[in-house]
$ cat start35.cif   # mmCIF, C-alpha atoms
data_structure
#
loop_
_atom_site.label_atom_id
_atom_site.label_comp_id
_atom_site.auth_asym_id
_atom_site.auth_seq_id
_atom_site.Cartn_x
_atom_site.Cartn_y
_atom_site.Cartn_z
CA MET A 1 123.18 146.18 83.54
CA ASP A 2 124.67 143.56 85.88
CA THR A 3 121.79 141.08 85.84
CA LYS A 4 123.75 138.54 87.87
CA ALA A 5 124.14 140.91 90.82
CA TYR A 6 120.45 141.77 90.55
CA ILE A 7 119.47 138.09 90.56
CA GLU A 8 121.60 137.49 93.66
CA SER A 9 120.20 140.53 95.50
CA GLY A 10 117.09 138.83 96.90
CA ILE A 11 114.76 141.38 95.27
CA ILE A 12 113.28 138.76 92.96
CA GLU A 13 112.40 136.52 95.90
CA SER A 14 110.87 139.35 97.91
CA CYS A 15 108.75 140.35 94.89
CA VAL A 16 107.52 136.79 94.27
CA LEU A 17 106.60 136.36 97.93
CA GLY A 18 104.85 139.74 97.96
CA LEU A 19 107.29 141.33 100.42
CA ALA A 20 108.69 144.01 98.10
CA SER A 21 107.59 147.60 97.85
CA ALA A 22 105.47 148.74 94.90
CA GLU A 23 108.50 150.48 93.34
CA GLU A 24 110.64 147.35 93.57
CA ALA A 25 107.86 145.27 92.03
CA ALA A 26 107.40 147.76 89.18
CA GLU A 27 111.13 147.78 88.53
CA LEU A 28 111.25 143.99 88.38
CA GLU A 29 108.34 143.88 85.97
CA LEU A 30 110.21 146.20 83.65
CA LEU A 31 113.49 144.27 83.93
CA MET A 32 111.74 140.95 83.26
CA HIS A 33 110.77 142.18 79.82
CA GLN A 34 114.27 143.35 79.05
CA HIS A 35 116.33 140.45 80.41
CA THR A 36 115.48 136.80 79.80
CA ASP A 37 117.74 135.60 82.61
CA ILE A 38 115.89 137.77 85.11
CA LYS A 39 112.55 136.47 83.83
CA ASN A 40 113.88 132.90 84.14
CA ALA A 41 115.07 133.54 87.69
CA VAL A 42 111.60 134.85 88.61
CA ASP A 43 109.89 131.85 87.01
CA ASP A 44 112.27 129.40 88.66
CA PHE A 45 111.75 130.73 92.15
CA ALA A 46 107.98 131.06 91.68
CA ALA A 47 107.85 127.47 90.38
CA SER A 48 109.78 126.09 93.33
CA ILE A 49 107.59 127.96 95.82
CA GLU A 50 104.49 126.70 94.01
CA GLN A 51 105.87 123.19 94.13
CA GLN A 52 106.51 123.45 97.85
CA VAL A 53 103.04 124.78 98.52
CA LEU A 54 101.41 122.09 96.38
CA GLN A 55 103.38 119.36 98.11
CA ASN A 56 102.17 120.58 101.48
CA ALA A 57 98.54 120.96 100.44
CA ILE A 58 95.94 120.32 103.14
CA ILE A 59 92.48 119.28 101.97
CA PRO A 60 89.97 121.90 103.13
CA PRO A 61 86.52 120.95 104.51
CA ALA A 62 84.17 119.84 101.71
CA GLN A 63 81.51 122.42 102.55
CA VAL A 64 83.82 125.27 101.42
CA LYS A 65 83.41 124.25 97.77
CA ASP A 66 79.64 123.83 98.13
CA LYS A 67 79.32 127.25 99.70
CA LEU A 68 81.48 128.85 96.99
CA MET A 69 79.50 127.25 94.19
CA ARG A 70 76.25 128.50 95.72
CA LEU A 71 77.69 131.95 96.40
CA LEU A 72 79.01 132.41 92.85
CA SER A 73 76.21 130.56 91.05
CA GLY A 74 74.86 133.80 89.60
CA GLU A 75 78.23 134.82 88.25
CA PHE A 76 78.98 131.81 86.07
CA SER A 77 78.39 132.08 82.35
CA ALA A 78 75.51 130.09 80.84
CA GLU A 79 77.84 128.08 78.60
CA LYS A 80 76.33 124.68 79.43
CA ASN A 81 72.78 125.56 78.45
CA VAL A 82 74.01 126.98 75.17
CA ALA A 83 76.04 123.90 74.36
CA ASN A 84 73.23 121.45 75.17
CA PRO A 85 69.83 122.73 74.02
CA ALA A 86 67.01 122.00 76.45
CA PRO A 87 65.19 119.16 74.53
CA VAL A 88 68.34 117.06 74.36
CA ILE A 89 68.95 116.97 78.10
CA PRO A 90 66.15 114.61 79.23
CA PHE A 91 66.94 112.17 76.42
CA GLU A 92 70.63 112.09 77.36
CA ASP A 93 69.77 111.77 81.01
CA LYS A 94 67.60 108.75 80.28
CA LYS A 95 70.37 107.03 78.37
CA ILE A 96 72.83 107.70 81.12
CA ASP A 97 70.37 106.40 83.69
CA THR A 98 69.91 103.05 81.90
CA ALA A 99 73.64 102.62 81.53
CA LYS A 100 74.05 103.54 85.16
CA ILE A 101 71.49 100.96 86.32
CA ILE A 102 73.11 98.21 84.27
CA SER A 103 76.52 99.06 85.64
CA ILE A 104 75.15 99.19 89.19
CA TRP A 105 73.75 95.64 88.73
CA LYS A 106 77.06 94.54 87.30
CA TYR A 107 78.86 95.83 90.34
CA ALA A 108 76.28 94.32 92.65
CA ALA A 109 76.64 90.90 90.99
CA ALA A 110 80.43 91.10 91.14
CA ALA A 111 80.22 92.12 94.79
CA SER A 112 77.89 89.19 95.58
CA ILE A 113 80.22 86.68 93.96
CA ILE A 114 83.20 88.08 95.81
CA PHE A 115 81.20 87.95 99.03
CA LEU A 116 80.16 84.34 98.36
CA ILE A 117 83.74 83.24 97.71
CA ALA A 118 84.98 85.03 100.78
CA SER A 119 82.20 83.48 102.84
CA ALA A 120 82.99 79.95 101.57
CA ALA A 121 86.66 80.44 102.33
CA LEU A 122 85.76 81.56 105.82
CA ASN A 123 83.57 78.49 106.28
CA PHE A 124 86.49 76.17 105.46
CA TYR A 125 88.74 78.12 107.71
CA TYR A 126 86.33 78.02 110.64
CA TYR A 127 85.45 74.34 110.11
CA GLY A 128 89.17 73.48 110.38
CA LYS A 129 89.42 75.59 113.47
CA TYR A 130 86.31 73.98 114.96
CA ASN A 131 87.78 70.49 114.47
CA SER A 132 91.06 71.32 116.08
CA VAL A 133 89.31 72.95 119.01
CA LYS A 134 87.03 69.91 119.38
CA ASN A 135 90.07 67.59 119.57
CA ASP A 136 91.73 69.83 122.08
CA TYR A 137 88.56 69.80 124.14
CA GLN A 138 88.40 65.96 124.11
CA ALA A 139 92.04 65.73 125.20
CA LEU A 140 91.37 68.11 128.06
CA LEU A 141 88.30 66.14 129.09
CA THR A 142 90.30 62.87 129.23
CA GLU A 143 93.03 64.54 131.19
CA ARG A 144 90.52 65.96 133.62
CA ASN A 145 88.98 62.46 134.17
CA THR A 146 92.41 60.94 134.82
CA LEU A 147 93.20 63.64 137.33
CA GLN A 148 89.83 63.12 139.02
CA ALA A 149 90.46 59.35 139.28
CA ASN A 150 93.95 59.89 140.72
CA ASN A 151 92.50 62.33 143.16
CA ASP A 152 89.94 59.73 144.30
CA ILE A 153 92.67 57.13 144.81
CA PHE A 154 94.72 59.50 146.94
CA LYS A 155 91.64 60.46 148.90
CA THR A 156 90.92 56.80 149.73
CA LYS A 157 94.54 56.17 150.72
CA LEU A 158 94.57 59.25 152.89
CA ASN A 159 91.32 58.13 154.62
CA ASP A 160 92.83 54.69 155.31
CA VAL A 161 96.00 56.20 156.76
CA ASN A 162 93.98 58.59 158.92
CA GLU A 163 91.88 55.70 160.17
CA SER A 164 95.06 53.71 160.96
CA ILE A 165 96.55 56.61 162.92
CA ARG A 166 93.29 56.96 164.86
CA LEU A 167 93.35 53.22 165.76
CA MET A 168 97.01 53.20 166.76
CA ALA A 169 96.53 56.21 168.97
CA ASP A 170 93.57 54.65 170.79
CA PRO A 171 94.58 54.02 174.48
CA VAL A 172 92.80 50.61 174.51
CA MET A 173 95.19 49.37 171.80
CA GLU A 174 98.04 47.11 172.91
CA ALA A 175 101.01 47.09 170.55
CA VAL A 176 102.80 43.76 170.16
CA LYS A 177 106.10 44.20 168.39
CA MET A 178 107.18 41.14 166.41
CA ASN A 179 110.91 40.92 165.73
CA ALA A 180 112.74 38.98 163.04
CA VAL A 181 113.68 35.36 163.68
CA PRO A 182 117.27 34.27 162.87
CA GLY A 183 117.76 34.13 159.08
CA LYS A 184 115.05 36.77 158.46
CA GLU A 185 116.92 39.75 159.90
CA GLY A 186 115.46 43.16 159.16
CA SER A 187 111.87 41.97 159.13
CA LEU A 188 109.50 43.71 161.51
CA ALA A 189 105.74 43.80 162.05
CA THR A 190 103.44 45.05 164.82
CA VAL A 191 100.09 43.71 166.04
CA TYR A 192 97.63 46.25 167.44
CA TRP A 193 95.29 44.30 169.71
CA ASN A 194 92.21 45.96 171.05
CA THR A 195 92.11 44.95 174.72
CA LYS A 196 88.37 45.54 174.91
CA THR A 197 86.97 44.13 171.64
CA LYS A 198 89.92 41.78 171.05
CA ASP A 199 90.07 42.91 167.39
CA VAL A 200 93.47 42.39 165.80
CA TYR A 201 95.16 44.82 163.42
CA LEU A 202 98.52 44.36 161.76
CA LEU A 203 101.08 46.91 160.67
CA GLN A 204 103.70 45.57 158.26
CA ASN A 205 106.67 47.71 159.30
CA ASN A 206 109.06 45.80 157.07
CA LEU A 207 108.32 42.48 155.38
CA PRO A 208 109.84 41.29 152.09
CA GLN A 209 107.65 41.31 148.96
CA THR A 210 105.73 38.04 148.70
CA PRO A 211 106.03 35.79 145.62
CA ALA A 212 102.87 35.79 143.47
CA ASP A 213 101.62 32.38 144.77
CA LYS A 214 102.24 33.05 148.47
CA GLN A 215 100.73 35.16 151.26
CA TYR A 216 101.72 36.06 154.79
CA GLN A 217 99.57 34.59 157.54
CA LEU A 218 99.28 35.81 161.14
CA TRP A 219 99.17 33.27 163.94
CA ALA A 220 98.15 33.73 167.53
CA ILE A 221 99.89 31.39 169.98
CA VAL A 222 97.17 30.37 172.39
CA ASP A 223 98.32 28.11 175.23
CA GLY A 224 101.24 26.82 173.11
CA LYS A 225 99.06 26.12 170.04
CA PRO A 226 98.99 28.27 166.84
CA VAL A 227 95.60 29.67 165.88
CA SER A 228 95.22 31.40 162.47
CA ALA A 229 94.35 35.08 162.70
CA GLY A 230 93.94 35.24 158.90
CA VAL A 231 95.95 35.92 155.78
CA ILE A 232 97.38 39.34 155.09
CA SER A 233 96.17 40.87 151.85
CA ASP A 234 97.12 44.26 150.33
CA CYS A 235 95.91 46.99 152.59
CA ASN A 236 96.78 50.58 153.36
CA GLY A 237 98.12 51.21 156.82
CA LEU A 238 96.60 48.73 159.28
CA CYS A 239 95.09 45.46 158.10
CA LYS A 240 92.15 44.21 160.14
CA LEU A 241 92.42 40.47 160.87
CA ASN A 242 90.44 37.89 162.87
CA ASN A 243 89.26 38.57 166.39
CA ILE A 244 91.55 36.79 168.90
CA PRO A 245 90.08 36.62 172.44
CA LYS A 246 93.24 35.30 174.05
CA ALA A 247 96.92 34.91 173.06
CA GLN A 248 100.40 34.82 174.56
CA ALA A 249 102.29 35.56 171.37
CA PHE A 250 101.87 36.44 167.65
CA ALA A 251 103.92 35.27 164.62
CA ILE A 252 103.91 35.59 160.85
CA THR A 253 104.74 32.86 158.39
CA LEU A 254 104.77 32.78 154.61
CA GLU A 255 102.12 30.32 153.37
CA LYS A 256 100.51 29.27 150.08
CA LYS A 257 97.86 31.64 148.74
CA GLY A 258 94.68 31.53 150.85
CA GLY A 259 96.50 30.39 153.97
CA SER A 260 97.25 27.07 155.69
CA ASP A 261 95.66 25.19 158.55
CA SER A 262 98.92 24.97 160.46
CA PRO A 263 101.96 27.22 160.16
CA THR A 264 105.07 26.24 158.21
CA LEU A 265 107.57 26.87 160.94
CA THR A 266 110.55 27.03 158.55
CA ALA A 267 108.90 29.98 156.81
CA MET A 268 108.45 32.05 159.97
CA PHE A 269 109.56 35.66 159.62
CA VAL A 270 108.71 37.44 162.85
CA ILE A 271 107.45 36.55 166.33
CA GLY A 272 106.65 38.62 169.42
CA ASN A 273 105.26 37.97 172.91
CA VAL A 274 102.29 39.82 174.25
CA MET B 1 97.83 118.48 90.34
CA PRO B 2 100.35 119.27 87.56
CA GLU B 3 100.39 115.70 86.16
CA THR B 4 96.62 115.62 85.70
CA LEU B 5 96.28 119.14 84.25
CA LYS B 6 93.83 119.22 81.45
CA TYR B 7 94.08 122.98 81.07
CA THR B 8 97.30 124.78 80.35
CA GLU B 9 97.73 127.84 82.52
CA ALA B 10 96.87 130.10 79.59
CA GLU B 11 93.71 128.10 78.79
CA LEU B 12 92.68 128.13 82.41
CA VAL B 13 93.11 131.89 82.65
CA GLN B 14 91.18 132.38 79.43
CA THR B 15 88.25 130.17 80.45
CA LEU B 16 88.17 131.72 83.90
CA LYS B 17 87.95 135.14 82.31
CA GLN B 18 85.00 133.78 80.29
CA ARG B 19 83.34 132.94 83.65
CA SER B 20 83.32 129.20 83.13
CA GLN B 21 81.94 127.31 86.11
CA GLN B 22 83.83 124.20 85.04
CA ALA B 23 87.12 126.09 85.00
CA PHE B 24 86.41 127.50 88.43
CA ALA B 25 85.63 124.02 89.82
CA TYR B 26 88.85 122.81 88.24
CA LEU B 27 90.79 125.67 89.81
CA TYR B 28 89.27 124.90 93.20
CA ASP B 29 89.89 121.15 92.96
CA ASN B 30 93.52 121.63 92.03
CA TYR B 31 94.58 124.53 94.19
CA SER B 32 92.29 124.72 97.24
CA GLY B 33 94.48 122.37 99.27
CA ALA B 34 97.61 124.38 98.54
CA LEU B 35 95.94 127.71 99.29
CA TYR B 36 94.34 126.29 102.43
CA SER B 37 97.84 125.37 103.67
CA ILE B 38 98.92 129.00 103.11
CA VAL B 39 95.93 130.29 105.09
CA LEU B 40 96.44 127.73 107.86
CA SER B 41 100.11 128.62 108.13
CA ILE B 42 99.07 132.19 108.99
CA ILE B 43 95.82 131.60 110.88
CA ALA B 44 95.94 128.51 113.04
CA ASP B 45 92.19 128.27 113.60
CA LYS B 46 90.73 125.74 111.16
CA GLU B 47 87.21 127.09 111.14
CA LEU B 48 88.33 130.64 110.55
CA SER B 49 90.79 129.42 107.92
CA SER B 50 88.07 127.78 105.87
CA ASP B 51 86.11 131.05 105.96
CA VAL B 52 89.21 132.88 104.75
CA LEU B 53 89.77 130.24 102.04
CA GLN B 54 86.26 130.84 100.78
CA GLU B 55 86.94 134.59 100.70
CA VAL B 56 90.21 133.93 98.82
CA PHE B 57 88.42 132.04 96.05
CA VAL B 58 85.78 134.74 95.77
CA LYS B 59 88.59 137.29 95.40
CA ILE B 60 90.40 135.20 92.79
CA TRP B 61 87.15 134.84 90.84
CA ARG B 62 86.22 138.50 91.00
CA GLN B 63 89.71 139.84 90.36
CA MET B 64 90.36 137.49 87.47
CA ASP B 65 89.99 140.34 84.97
CA SER B 66 92.82 142.22 86.63
CA TYR B 67 95.18 139.25 86.51
CA ASP B 68 98.01 139.92 84.07
CA ALA B 69 100.09 136.93 83.03
CA ASP B 70 102.95 139.28 82.15
CA LYS B 71 103.31 140.23 85.80
CA GLY B 72 103.59 136.71 87.13
CA ARG B 73 102.31 133.18 87.17
CA LEU B 74 98.66 132.46 88.01
CA PHE B 75 99.35 130.24 91.00
CA THR B 76 101.92 132.68 92.45
CA TRP B 77 99.31 135.40 92.11
CA MET B 78 96.75 133.21 93.93
CA ILE B 79 99.24 132.41 96.70
CA ASN B 80 99.74 136.14 97.27
CA ILE B 81 95.98 136.73 97.38
CA ALA B 82 95.69 133.96 99.98
CA ARG B 83 98.54 135.37 102.05
CA ASN B 84 97.21 138.92 101.91
CA ALA B 85 93.67 137.86 102.84
CA SER B 86 95.03 135.83 105.76
CA ILE B 87 97.16 138.69 107.05
CA ASP B 88 94.21 141.09 106.71
CA THR B 89 92.18 138.71 108.86
CA LEU B 90 95.05 138.44 111.32
CA ARG B 91 95.14 142.23 111.59
CA SER B 92 91.37 142.73 111.76
CA LYS B 93 89.86 144.01 114.96
CA SER B 94 87.47 141.07 115.36
CA TYR B 95 90.35 138.62 115.09
CA GLN B 96 92.42 140.52 117.64
CA ASN B 97 89.46 140.43 120.05
CA SER B 98 88.77 136.75 119.52
CA LYS B 99 92.48 136.03 119.90
CA GLN B 100 92.41 137.34 123.45
CA ASN B 101 89.58 134.98 124.23
CA ARG B 102 91.31 132.16 122.49
CA GLU B 103 94.55 132.58 124.39
CA LEU B 104 92.62 132.00 127.60
CA THR B 105 91.27 128.71 126.32
CA GLU B 106 94.28 127.70 124.25
CA ALA B 107 95.07 124.74 126.51
CA VAL B 108 91.56 123.42 125.99
CA TYR B 109 91.84 123.69 122.22
CA ASP B 110 95.24 122.05 122.23
CA ALA B 111 93.96 119.15 124.27
CA GLY B 112 91.13 118.62 121.77
CA GLY B 113 93.64 118.91 118.98
CA ASN B 114 91.27 119.69 116.16
CA THR B 115 90.44 123.36 116.20
CA VAL B 116 93.88 124.93 116.33
CA THR B 117 96.64 123.44 114.21
CA ASN B 118 100.29 123.37 115.10
CA ILE B 119 101.20 125.89 112.43
CA ASP B 120 104.93 125.21 112.60
CA ARG B 121 104.33 121.98 110.70
CA ILE B 122 102.41 123.56 107.84
CA GLY B 123 103.70 124.20 104.35
CA LEU B 124 106.21 126.98 103.90
CA ARG B 125 106.53 127.49 107.65
CA LYS B 126 108.10 124.04 107.92
CA ILE B 127 110.88 125.22 105.59
CA ILE B 128 111.28 128.58 107.27
CA HIS B 129 112.13 126.80 110.51
CA THR B 130 115.12 125.19 108.84
CA LEU B 131 116.66 128.63 108.25
CA ARG B 132 119.07 130.28 110.68
CA ASP B 133 117.26 131.76 113.72
CA GLU B 134 117.86 135.39 112.77
CA TYR B 135 116.56 134.64 109.28
CA SER B 136 113.50 132.64 110.35
CA ALA B 137 112.48 135.39 112.79
CA LEU B 138 112.59 137.94 109.98
CA ILE B 139 110.55 135.82 107.59
CA GLU B 140 108.09 135.01 110.36
CA LEU B 141 107.47 138.70 110.95
CA SER B 142 107.42 139.77 107.31
CA TYR B 143 105.86 136.86 105.43
CA PHE B 144 103.59 135.27 108.03
CA GLN B 145 102.67 138.31 110.08
CA GLY B 146 102.86 140.92 107.32
CA TYR B 147 104.99 143.54 109.06
CA THR B 148 106.81 146.09 106.91
CA GLN B 149 110.56 146.36 107.14
CA GLU B 150 110.21 149.63 109.05
CA GLU B 151 107.94 147.94 111.60
CA ILE B 152 110.34 145.03 111.95
CA SER B 153 113.20 147.46 112.52
CA LYS B 154 111.26 148.89 115.46
CA ILE B 155 110.06 145.54 116.83
CA MET B 156 113.50 143.94 116.75
CA ASP B 157 115.30 147.19 117.57
CA ILE B 158 117.81 146.87 114.74
CA PRO B 159 118.63 149.45 112.00
CA LEU B 160 116.44 149.40 108.88
CA GLY B 161 119.53 148.77 106.73
CA THR B 162 120.31 145.61 108.70
CA VAL B 163 116.72 144.42 108.33
CA LYS B 164 116.93 144.84 104.56
CA THR B 165 120.29 143.05 104.27
CA ARG B 166 119.25 140.21 106.50
CA LEU B 167 115.90 139.74 104.82
CA ARG B 168 117.60 139.45 101.45
CA GLY B 169 120.11 136.98 102.90
CA ALA B 170 117.23 134.97 104.30
CA LEU B 171 115.43 134.97 100.94
CA ILE B 172 118.54 133.82 99.06
CA GLN B 173 118.96 130.97 101.55
CA LEU B 174 115.27 130.13 101.19
CA ARG B 175 115.68 130.04 97.40
CA GLU B 176 118.49 127.50 97.71
CA ILE B 177 116.35 125.33 99.99
CA VAL B 178 113.24 125.28 97.84
CA LYS B 179 115.22 124.73 94.65
CA LYS B 180 115.91 121.10 95.59
#
$ encode --input "start35.cif" --output "structure tokens"
Amino acid sequence: MDTKAYIESGIIESCVLGLASAEEAAELELLMHQHTDIKNAVDDFAASIEQQVLQNAIIPPAQVKDKLMRLLSGEFSAEKNVANPAPVIPFEDKKIDTAKIISIWKYAAAASIIFLIASAALNFYYYGKYNSVKNDYQALLTERNTLQANNDIFKTKLNDVNESIRLMADPVMEAVKMNAVPGKEGSLATVYWNTKTKDVYLLQNNLPQTPADKQYQLWAIVDGKPVSAGVISDCNGLCKLNNIPKAQAFAITLEKKGGSDSPTLTAMFVIGNV
Amino acid sequence: MPETLKYTEAELVQTLKQRSQQAFAYLYDNYSGALYSIVLSIIADKELSSDVLQEVFVKIWRQMDSYDADKGRLFTWMINIARNASIDTLRSKSYQNSKQNRELTEAVYDAGGNTVTNIDRIGLRKIIHTLRDEYSALIELSYFQGYTQEEISKIMDIPLGTVKTRLRGALIQLREIVKK
């Protein structure tokens, strides 16, 4: 018989998969006993199908086994009871129980130690984290305070400027522009003189920076004589100076700190007539 | 699985024939997953499939005396019991009735994703889909739906001779694939 042709016919596969007719299956069974290579071909294919099926196994729900064991419980042989006579069972059970309890405690102790170590490690980790967060928080707090302080400064400056604008815009204000004298070109300052209250305000449009030991001083020229209207200190916008009831002109000189009794005429910067 | 076998196949068969509960538990633990995949590849419904799996193990247990190692390997024999039981369920009147209901609610089941499995991804079916179309259609009808070659000839409207030739061609190709 040509076993090779038979092996390549596909009959073996259809028999293994249960697709062949009863006659084909019976014929194969007969041939398997006569020809080793046919038997091997059957075994090979069956083994590879089994392998495939095993590889693709899907775990069934657990209750299937429980149900089966209950369903078939009456059909199992009594082999266990024969092998272990009744009196022995409780004794064995007791021994197993003691061993079990000891091993449970062992596991519990091991678990506690592992838990303790893990907990300690976590403590270190979180303490480090806590410190770094605390530092970050301090830095943020400082930054916030600086910003708040800057904000206050700007607010004050803005208030001063607003106040100055309000004063300058007042219709009772008379503006006296003081221009640079020869040698001090570029300098410019303006006196805002309240015609009702006679209060004097000064706007330094453009005056050079004073040396550390000197200050500008405003003079009112009253009937040809200079009268001090006060020294000019750092101020935002308009600087309020002394009340001057009457004047024909205003001038600014650079004087020693705190002001002088009479102006140093060589250090005059600006002058303007009312 | 094979690596952890503590019974040889002959020992397992012998102890099963002696009605050993331990041997049965062993058989279940080692082969239930594989047989469940066979059932699932034929019946998509998981709940129904576990009922069929239970029936399969009852059959294996009760037919153990009729198992003859000379006729084939134990596991191959069990696979065929699983396939036959699944196809019987597929063909049963109650299944056909429930199928009509199920088709109406198929979208709902699919959305839930846990009652009906995508059977194309299961076990042998996965391999069958790698075969040529004309081959996979034939194996689908014969192996997974249990039609005879005569029935397939009528369904596909091709001569019986062609069905036979093609089915054998398909099986030879399948053999080459599973050999790897």
$ resolve_selection --input "start35.cif" --expression "the PyMOL selection byres ((chain B) within 8 of (chain A))" --output "ChimeraX atom specification"
/B:1,18-21,28,31-38,50-51,53-54,57-58,71-73,75-76,80,122-124,142-143,168-169,171-172,175,178-179
$ resolve_selection --input "start35.cif" --expression "the PyMOL selection byres ((chain B and resi 8-11) around 10)" --output "list in words"
Pro2, Leu5, Lys6, Tyr7, Leu12, Val13, Gln14, Thr15, Leu16, Lys17, Ala23, Ala69, Arg73, Leu74 and Phe75 of chain B
$ resolve_selection --input "start35.cif" --expression "the PyMOL selection byres ((chain B and resi 126-139) around 8)" --output "PDB file with C-alpha atoms, keeping the file's coordinate frame"
ATOM      1  CA  ASP B 120     104.930 125.210 112.600  1.00  0.00           C
ATOM      2  CA  ARG B 121     104.330 121.980 110.700  1.00  0.00           C
ATOM      3  CA  ILE B 122     102.410 123.560 107.840  1.00  0.00           C
ATOM      4  CA  GLY B 123     103.700 124.200 104.350  1.00  0.00           C
ATOM      5  CA  LEU B 124     106.210 126.980 103.900  1.00  0.00           C
ATOM      6  CA  ARG B 125     106.530 127.490 107.650  1.00  0.00           C
ATOM      7  CA  GLU B 140     108.090 135.010 110.360  1.00  0.00           C
ATOM      8  CA  LEU B 141     107.470 138.700 110.950  1.00  0.00           C
ATOM      9  CA  SER B 142     107.420 139.770 107.310  1.00  0.00           C
ATOM     10  CA  TYR B 143     105.860 136.860 105.430  1.00  0.00           C
ATOM     11  CA  PHE B 144     103.590 135.270 108.030  1.00  0.00           C
ATOM     12  CA  ILE B 152     110.340 145.030 111.950  1.00  0.00           C
ATOM     13  CA  VAL B 163     116.720 144.420 108.330  1.00  0.00           C
ATOM     14  CA  ARG B 166     119.250 140.210 106.500  1.00  0.00           C
ATOM     15  CA  LEU B 167     115.900 139.740 104.820  1.00  0.00           C
ATOM     16  CA  GLY B 169     120.110 136.980 102.900  1.00  0.00           C
ATOM     17  CA  ALA B 170     117.230 134.970 104.300  1.00  0.00           C
ATOM     18  CA  GLN B 173     118.960 130.970 101.550  1.00  0.00           C
ATOM     19  CA  LEU B 174     115.270 130.130 101.190  1.00  0.00           C
ATOM     20  CA  ILE B 177     116.350 125.330  99.990  1.00  0.00           C
TER      21      ILE B 177
END
$ atom_distance --input "start35.cif" --atom1 "CA of Gly224 in chain A" --atom2 "CA of Cys239 in chain A"
24.7 Å
$ closest_residue --input "start35.cif" --among "B:Pro159, B:Phe24, B:Ile42, B:Ser92" --to "Arg62 in chain B" --atoms "all atoms listed in the file"
B:Phe24
$ residues_around --input "start35.cif" --residues "Lys214 in chain A" --least-positions-apart "2" --cutoff "9 Å" --atoms "all atoms listed in the file" --output "MDAnalysis selection string"
chainID A and resid 210:212 216 254:259
$ atom_distance --input "start35.cif" --atom1 "CA of Val52 in chain B" --atom2 "CA of Cys15 in chain A"
23.1 Å
$ residues_around --input "start35.cif" --residues "Gly186 in chain A" --least-positions-apart "3" --cutoff "9 Å" --atoms "all atoms listed in the file" --output "list of chain:residue names"
A:Asn179, A:Ala180, A:Asn206, A:Leu207
$ write_last_selection --input "start35.cif" --atoms "C-alpha atoms" --output "mmCIF file, keeping the file's coordinate frame"
data_model
loop_
_atom_site.group_PDB
_atom_site.id
_atom_site.type_symbol
_atom_site.label_atom_id
_atom_site.label_comp_id
_atom_site.auth_asym_id
_atom_site.auth_seq_id
_atom_site.Cartn_x
_atom_site.Cartn_y
_atom_site.Cartn_z
ATOM 1 C CA ASN A 179 110.910 40.920 165.730
ATOM 2 C CA ALA A 180 112.740 38.980 163.040
ATOM 3 C CA ASN A 206 109.060 45.800 157.070
ATOM 4 C CA LEU A 207 108.320 42.480 155.380
#
